[in-house]
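Participant: The structure under discussion is supplied below as structure tokens; questions concerning it will follow.
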Amino acid sequence: MTLTVVFENNPGGPHFTTGWGFACVVELPETTVLFDTGADARMLIDNMRAAGLEPDAIDLVVLSHIHGDHTGGLGEIMALNRGVPVFVPPCFSDGFIRAVEQAGGEARRVEPCQRLAGPVLTTGEVSGPLNEQALVLQTAEGLVVVTGCAHPGVDAMVAAAEERCGGEVSLVFGGFHLGGCSRGRIEEMARRLQAMGVERAGPCHCSGDLSREVFADLFGGGYVDVHVGTRMVLPSPDGG
């Protein structure tokens, strides 16, 4: 499977536009998944096309949480993909659900460890200062967790993936909600993830520059530099 970050506030190549928010496309042989939609529809679509991805090829959308920098591009994606399923945590309001349906989408509240497509699952809603879900991918190297902002704590998102979906998380990337935290707090989180068995980590979006520096130092070769345009190819669970 191939993952491409198409909305991010860490700059990438010259063909991509940087903006506050997060979105990632997961390509499977039969299904294309969009996790979060960034803050701006035009920027999202332009970045997708710059990455060689067609916005009207999205088969399903997964939203981590209700903040606008993760839901801002949803309307245009639904306009291009009529009837597209939109998977949201149960905490999303009835008003949001109605708005999705009125715009031509099909809103679906998720359950813990719900399988969305092939090796793509969700943690389900994780409780925190703001409830949130993360995307979970089953690969031959272990679980991969993609977080929008990780408001409950990136360690809590990893723990939920392992407890609910089974197996160990080998890679976690996305927003870690560590922007503005002290070096000591960031180091504590990085070491906690390592103690949980996480081998690779890629803090971006709301993680802050200091987090990227600390994680790069502590994870060494396991640090993943995530920015708009980042593309990763992961082995499928059967090793293909």
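Simple scheme: letters A, B, ... for chains in structure tokens order, numbers from 1 for residues in each chain, numbers from 1 for ligands in the order shown.
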Write out as a Markdown table a residue-level contact list of segment 55-104 of chain A versus segment 121-125 of chain A with cut-off 12 Å: for each qualifying residue the closest pair of atoms and the distance in Å to one decimal, counting only C-alpha atoms, rows sorted by chain and residue number upward.
Facilitator:
```
| residue | atom | partner | partner_atom | distance |
| --- | --- | --- | --- | --- |
| A:Val61 | CA | A:Thr122 | CA | 11.8 |
| A:Val62 | CA | A:Thr122 | CA | 8.8 |
| A:Leu63 | CA | A:Thr122 | CA | 10.3 |
| A:Ser64 | CA | A:Glu125 | CA | 8.8 |
| A:His65 | CA | A:Glu125 | CA | 9.2 |
| A:Phe87 | CA | A:Thr122 | CA | 9.3 |
| A:Val88 | CA | A:Glu125 | CA | 8.7 |
| A:Pro89 | CA | A:Glu125 | CA | 5.3 |
| A:Pro90 | CA | A:Glu125 | CA | 6.9 |
| A:Cys91 | CA | A:Glu125 | CA | 7.8 |
| A:Phe92 | CA | A:Glu125 | CA | 10.2 |
```
Participant: Selected residues, C-alpha atoms, written as a tab-separated table (two decimals), in the first residue's frame, please.
Facilitator:
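Output file selection.tsv is given in full below:
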```tsv
chain	number	residue	atom	x	y	z
A	61	VAL	CA	-13.02	9.37	3.82
A	62	VAL	CA	-11.96	9.01	7.46
A	63	LEU	CA	-11.96	12.03	9.78
A	64	SER	CA	-9.83	11.98	12.91
A	65	HIS	CA	-11.66	14.75	14.77
A	87	PHE	CA	-16.28	7.60	8.73
A	88	VAL	CA	-16.34	9.72	11.90
A	89	PRO	CA	-16.00	9.09	15.64
A	90	PRO	CA	-19.28	8.83	17.59
A	91	CYS	CA	-18.56	12.21	19.24
A	92	PHE	CA	-19.29	14.07	15.98
```
Participant: For the strand (DSSP E) assignment from backbone DSSP, which residues of segment 85-231 of chain A qualify? Please present them as a PyMOL selection string.
Facilitator: chain A and resi 85-88+106-109+115-117+120-122+135-139+142-147+169-175+200-204+231
Participant: Hey, can you spit out that residue selection with N, CA and C atoms as an mmCIF file, in the first residue's frame?
Facilitator:
```
data_model
loop_
_atom_site.group_PDB
_atom_site.id
_atom_site.type_symbol
_atom_site.label_atom_id
_atom_site.label_comp_id
_atom_site.auth_asym_id
_atom_site.auth_seq_id
_atom_site.Cartn_x
_atom_site.Cartn_y
_atom_site.Cartn_z
ATOM 1 N N PRO A 85 -18.634 7.354 1.433
ATOM 2 C CA PRO A 85 -18.765 7.134 2.874
ATOM 3 C C PRO A 85 -17.767 8.004 3.639
ATOM 4 N N VAL A 86 -18.220 8.617 4.731
ATOM 5 C CA VAL A 86 -17.380 9.448 5.581
ATOM 6 C C VAL A 86 -17.442 8.862 6.992
ATOM 7 N N PHE A 87 -16.331 8.285 7.442
ATOM 8 C CA PHE A 87 -16.282 7.596 8.733
ATOM 9 C C PHE A 87 -15.812 8.573 9.812
ATOM 10 N N VAL A 88 -16.634 8.755 10.843
ATOM 11 C CA VAL A 88 -16.337 9.723 11.897
ATOM 12 C C VAL A 88 -16.476 9.057 13.259
ATOM 13 N N GLU A 106 -22.145 10.030 2.806
ATOM 14 C CA GLU A 106 -22.831 9.027 3.628
ATOM 15 C C GLU A 106 -22.065 8.908 4.947
ATOM 16 N N ALA A 107 -22.559 9.580 5.992
ATOM 17 C CA ALA A 107 -21.855 9.612 7.270
ATOM 18 C C ALA A 107 -22.031 8.295 8.018
ATOM 19 N N ARG A 108 -20.918 7.787 8.561
ATOM 20 C CA ARG A 108 -20.955 6.543 9.328
ATOM 21 C C ARG A 108 -20.111 6.721 10.595
ATOM 22 N N ARG A 109 -20.720 6.493 11.734
ATOM 23 C CA ARG A 109 -19.970 6.536 12.997
ATOM 24 C C ARG A 109 -19.263 5.200 13.189
ATOM 25 N N ARG A 115 -12.990 -2.491 10.660
ATOM 26 C CA ARG A 115 -12.253 -2.630 9.397
ATOM 27 C C ARG A 115 -12.958 -1.776 8.350
ATOM 28 N N LEU A 116 -12.214 -0.872 7.756
ATOM 29 C CA LEU A 116 -12.790 0.051 6.788
ATOM 30 C C LEU A 116 -12.606 -0.424 5.354
ATOM 31 N N ALA A 117 -11.456 -1.032 5.090
ATOM 32 C CA ALA A 117 -11.162 -1.557 3.751
ATOM 33 C C ALA A 117 -9.883 -2.372 3.825
ATOM 34 N N VAL A 120 -7.022 -1.725 6.284
ATOM 35 C CA VAL A 120 -7.220 -0.404 6.871
ATOM 36 C C VAL A 120 -8.297 -0.479 7.950
ATOM 37 N N LEU A 121 -7.918 -0.138 9.177
ATOM 38 C CA LEU A 121 -8.832 -0.160 10.308
ATOM 39 C C LEU A 121 -8.824 1.203 10.996
ATOM 40 N N THR A 122 -9.668 1.339 12.013
ATOM 41 C CA THR A 122 -9.640 2.520 12.862
ATOM 42 C C THR A 122 -9.473 2.089 14.309
ATOM 43 N N LEU A 135 -6.072 6.259 12.221
ATOM 44 C CA LEU A 135 -6.092 5.220 11.205
ATOM 45 C C LEU A 135 -5.072 4.152 11.576
ATOM 46 N N VAL A 136 -5.415 2.892 11.374
ATOM 47 C CA VAL A 136 -4.518 1.777 11.670
ATOM 48 C C VAL A 136 -4.367 0.943 10.405
ATOM 49 N N LEU A 137 -3.126 0.673 10.020
ATOM 50 C CA LEU A 137 -2.841 -0.114 8.827
ATOM 51 C C LEU A 137 -2.102 -1.380 9.238
ATOM 52 N N GLN A 138 -2.602 -2.516 8.785
ATOM 53 C CA GLN A 138 -1.925 -3.783 9.030
ATOM 54 C C GLN A 138 -0.900 -4.004 7.923
ATOM 55 N N THR A 139 0.352 -4.167 8.304
ATOM 56 C CA THR A 139 1.413 -4.398 7.325
ATOM 57 C C THR A 139 2.248 -5.598 7.750
ATOM 58 N N GLY A 142 4.210 -4.941 10.965
ATOM 59 C CA GLY A 142 3.474 -4.565 12.160
ATOM 60 C C GLY A 142 2.434 -3.511 11.839
ATOM 61 N N LEU A 143 1.796 -2.974 12.877
ATOM 62 C CA LEU A 143 0.777 -1.962 12.679
ATOM 63 C C LEU A 143 1.408 -0.597 12.412
ATOM 64 N N VAL A 144 0.762 0.156 11.550
ATOM 65 C CA VAL A 144 1.134 1.548 11.304
ATOM 66 C C VAL A 144 -0.048 2.405 11.744
ATOM 67 N N VAL A 145 0.226 3.404 12.568
ATOM 68 C CA VAL A 145 -0.818 4.294 13.066
ATOM 69 C C VAL A 145 -0.599 5.689 12.480
ATOM 70 N N VAL A 146 -1.672 6.249 11.906
ATOM 71 C CA VAL A 146 -1.631 7.608 11.372
ATOM 72 C C VAL A 146 -2.559 8.461 12.231
ATOM 73 N N THR A 147 -2.020 9.510 12.828
ATOM 74 C CA THR A 147 -2.796 10.370 13.712
ATOM 75 C C THR A 147 -3.067 11.724 13.074
ATOM 76 N N VAL A 169 2.661 -1.791 17.261
ATOM 77 C CA VAL A 169 2.808 -0.669 16.326
ATOM 78 C C VAL A 169 4.286 -0.488 16.014
ATOM 79 N N SER A 170 4.634 -0.571 14.745
ATOM 80 C CA SER A 170 6.030 -0.382 14.335
ATOM 81 C C SER A 170 6.305 1.059 13.918
ATOM 82 N N LEU A 171 5.289 1.739 13.393
ATOM 83 C CA LEU A 171 5.441 3.111 12.897
ATOM 84 C C LEU A 171 4.225 3.924 13.287
ATOM 85 N N VAL A 172 4.461 5.143 13.795
ATOM 86 C CA VAL A 172 3.374 6.099 14.020
ATOM 87 C C VAL A 172 3.815 7.440 13.447
ATOM 88 N N PHE A 173 2.912 8.090 12.709
ATOM 89 C CA PHE A 173 3.225 9.418 12.195
ATOM 90 C C PHE A 173 1.946 10.232 12.092
ATOM 91 N N GLY A 174 2.136 11.545 12.000
ATOM 92 C CA GLY A 174 1.017 12.472 11.956
ATOM 93 C C GLY A 174 1.177 13.531 13.033
ATOM 94 N N GLY A 175 0.087 14.198 13.368
ATOM 95 C CA GLY A 175 0.128 15.190 14.428
ATOM 96 C C GLY A 175 0.219 14.532 15.792
ATOM 97 N N ARG A 200 9.642 3.333 14.549
ATOM 98 C CA ARG A 200 9.771 4.524 13.707
ATOM 99 C C ARG A 200 8.672 5.515 14.065
ATOM 100 N N ALA A 201 9.010 6.799 13.997
ATOM 101 C CA ALA A 201 8.040 7.836 14.347
ATOM 102 C C ALA A 201 8.261 9.059 13.476
ATOM 103 N N GLY A 202 7.145 9.689 13.090
ATOM 104 C CA GLY A 202 7.216 10.883 12.251
ATOM 105 C C GLY A 202 6.264 11.956 12.724
ATOM 106 N N PRO A 203 6.685 12.774 13.703
ATOM 107 C CA PRO A 203 5.824 13.864 14.162
ATOM 108 C C PRO A 203 5.740 14.984 13.129
ATOM 109 N N CYS A 204 4.538 15.480 12.888
ATOM 110 C CA CYS A 204 4.370 16.591 11.960
ATOM 111 C C CYS A 204 3.173 17.421 12.408
ATOM 112 N N ARG A 231 5.854 10.448 0.641
ATOM 113 C CA ARG A 231 5.240 9.211 0.129
ATOM 114 C C ARG A 231 5.956 8.010 0.736
#
```
Participant: Could you give me, as a PyMOL selection string, each residue of segment 13-171 of chain A that DSSP assigns to helix (DSSP H, G or I) when run on this structure's backbone?
Facilitator: chain A and resi 41-50+55-57+68-71+74-80+94-102+154-165
Participant: Excluding Met232 of chain A and residues on its chain fewer than 2 positions from it, collect all residues at most 8 Å away from it, counting only C-alpha atoms, and give them as a list in words.
Facilitator: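 Once the nearby chain positions are removed, what remains is Thr2, Leu3, Thr4, Thr230 and Leu234 of chain A.
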Participant: Between A:Ile97, A:Cys165, A:Ile66, A:Leu193, which has the minimum distance to Glu111 of chain A (counting only C-alpha atoms)?
Facilitator: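 Among the listed residues, the smallest separation from Glu111 of chain A belongs to A:Cys165.
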Participant: List as an MDAnalysis selection string the protein and nucleic acid residues near Leu34 of chain A, meaning an atom at most 10 Å away when only C-alpha atoms are counted, but skip any in the same chain fewer than 3 places from it.
Facilitator: chainID A and resid 3:6 23:27 37 55 57:63 74 77 86
Participant: Using the selection just defined, write its residues with N, CA and C atoms as a short mmCIF file (atom, residue, chain, number, x, y, z; two decimals), in the first residue's frame.
Facilitator:
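Output (selection-v6.cif):
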```
data_model
loop_
_atom_site.label_atom_id
_atom_site.label_comp_id
_atom_site.auth_asym_id
_atom_site.auth_seq_id
_atom_site.Cartn_x
_atom_site.Cartn_y
_atom_site.Cartn_z
N LEU A 3 1.18 5.40 0.90
CA LEU A 3 0.65 6.52 1.67
C LEU A 3 1.29 7.80 1.16
N THR A 4 0.47 8.82 0.93
CA THR A 4 0.97 10.11 0.48
C THR A 4 0.36 11.22 1.32
N VAL A 5 1.20 12.05 1.93
CA VAL A 5 0.73 13.18 2.72
C VAL A 5 0.42 14.33 1.76
N VAL A 6 -0.84 14.75 1.72
CA VAL A 6 -1.26 15.74 0.72
C VAL A 6 -1.69 17.07 1.35
N ALA A 23 -3.70 15.90 5.93
CA ALA A 23 -4.47 14.95 5.12
C ALA A 23 -3.49 13.95 4.52
N CYS A 24 -3.92 12.71 4.44
CA CYS A 24 -3.08 11.63 3.91
C CYS A 24 -3.93 10.68 3.09
N VAL A 25 -3.44 10.31 1.91
CA VAL A 25 -4.12 9.36 1.04
C VAL A 25 -3.46 7.99 1.18
N VAL A 26 -4.30 6.96 1.34
CA VAL A 26 -3.83 5.58 1.40
C VAL A 26 -4.35 4.87 0.16
N GLU A 27 -3.43 4.40 -0.67
CA GLU A 27 -3.81 3.70 -1.90
C GLU A 27 -3.63 2.20 -1.73
N THR A 37 -8.87 15.93 5.74
CA THR A 37 -9.01 16.68 4.48
C THR A 37 -8.35 18.04 4.51
N PRO A 55 -8.51 13.47 -7.28
CA PRO A 55 -9.45 13.69 -6.17
C PRO A 55 -10.78 12.96 -6.33
N ALA A 57 -11.15 10.00 -7.28
CA ALA A 57 -10.93 8.56 -7.14
C ALA A 57 -11.02 8.10 -5.68
N ILE A 58 -11.41 9.01 -4.78
CA ILE A 58 -11.51 8.67 -3.36
C ILE A 58 -12.72 7.76 -3.14
N ASP A 59 -12.48 6.60 -2.51
CA ASP A 59 -13.57 5.65 -2.25
C ASP A 59 -14.18 5.83 -0.86
N LEU A 60 -13.40 6.31 0.09
CA LEU A 60 -13.94 6.59 1.42
C LEU A 60 -13.06 7.59 2.13
N VAL A 61 -13.69 8.33 3.04
CA VAL A 61 -13.02 9.37 3.82
C VAL A 61 -13.10 9.00 5.29
N VAL A 62 -12.01 9.22 6.02
CA VAL A 62 -11.96 9.01 7.46
C VAL A 62 -11.53 10.32 8.11
N LEU A 63 -12.30 10.79 9.08
CA LEU A 63 -11.96 12.03 9.78
C LEU A 63 -11.52 11.71 11.20
N LEU A 74 -13.53 18.69 3.09
CA LEU A 74 -14.51 17.60 2.92
C LEU A 74 -15.58 17.93 1.90
N ILE A 77 -14.50 17.32 -1.66
CA ILE A 77 -14.30 15.89 -1.90
C ILE A 77 -15.64 15.18 -2.08
N VAL A 86 -18.22 8.62 4.73
CA VAL A 86 -17.38 9.45 5.58
C VAL A 86 -17.44 8.86 6.99
#
```
Participant: With distances taken over only C-alpha atoms, which residue among A:Gly180, A:Gly221, A:Pro119, A:Gly83 lies nearest Pro237 of chain A?
Facilitator: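 Ranking A:Gly180, A:Gly221, A:Pro119, A:Gly83 by distance to Pro237 of chain A, first place goes to A:Pro119.
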Participant: What's the 8 Å shell around Ser207 of chain A, counting only C-alpha atoms, without same-chain residues fewer than 3 positions away, as a PDB file with C-alpha atoms, in the first residue's frame?
Facilitator:
```
ATOM      1  CA  GLY A 175       0.128  15.190  14.428  1.00  0.00           C
ATOM      2  CA  PHE A 176       1.387  14.401  17.942  1.00  0.00           C
ATOM      3  CA  HIS A 177      -0.080  17.513  19.649  1.00  0.00           C
ATOM      4  CA  LEU A 178       3.257  18.416  21.219  1.00  0.00           C
ATOM      5  CA  GLY A 179       3.669  21.930  19.847  1.00  0.00           C
ATOM      6  CA  PRO A 203       5.824  13.864  14.162  1.00  0.00           C
ATOM      7  CA  CYS A 204       4.370  16.591  11.960  1.00  0.00           C
ATOM      8  CA  LEU A 210      11.202  21.022  18.714  1.00  0.00           C
ATOM      9  CA  SER A 211       9.398  17.673  18.593  1.00  0.00           C
ATOM     10  CA  ARG A 212      10.830  16.958  15.173  1.00  0.00           C
TER      11      ARG A 212
END
```
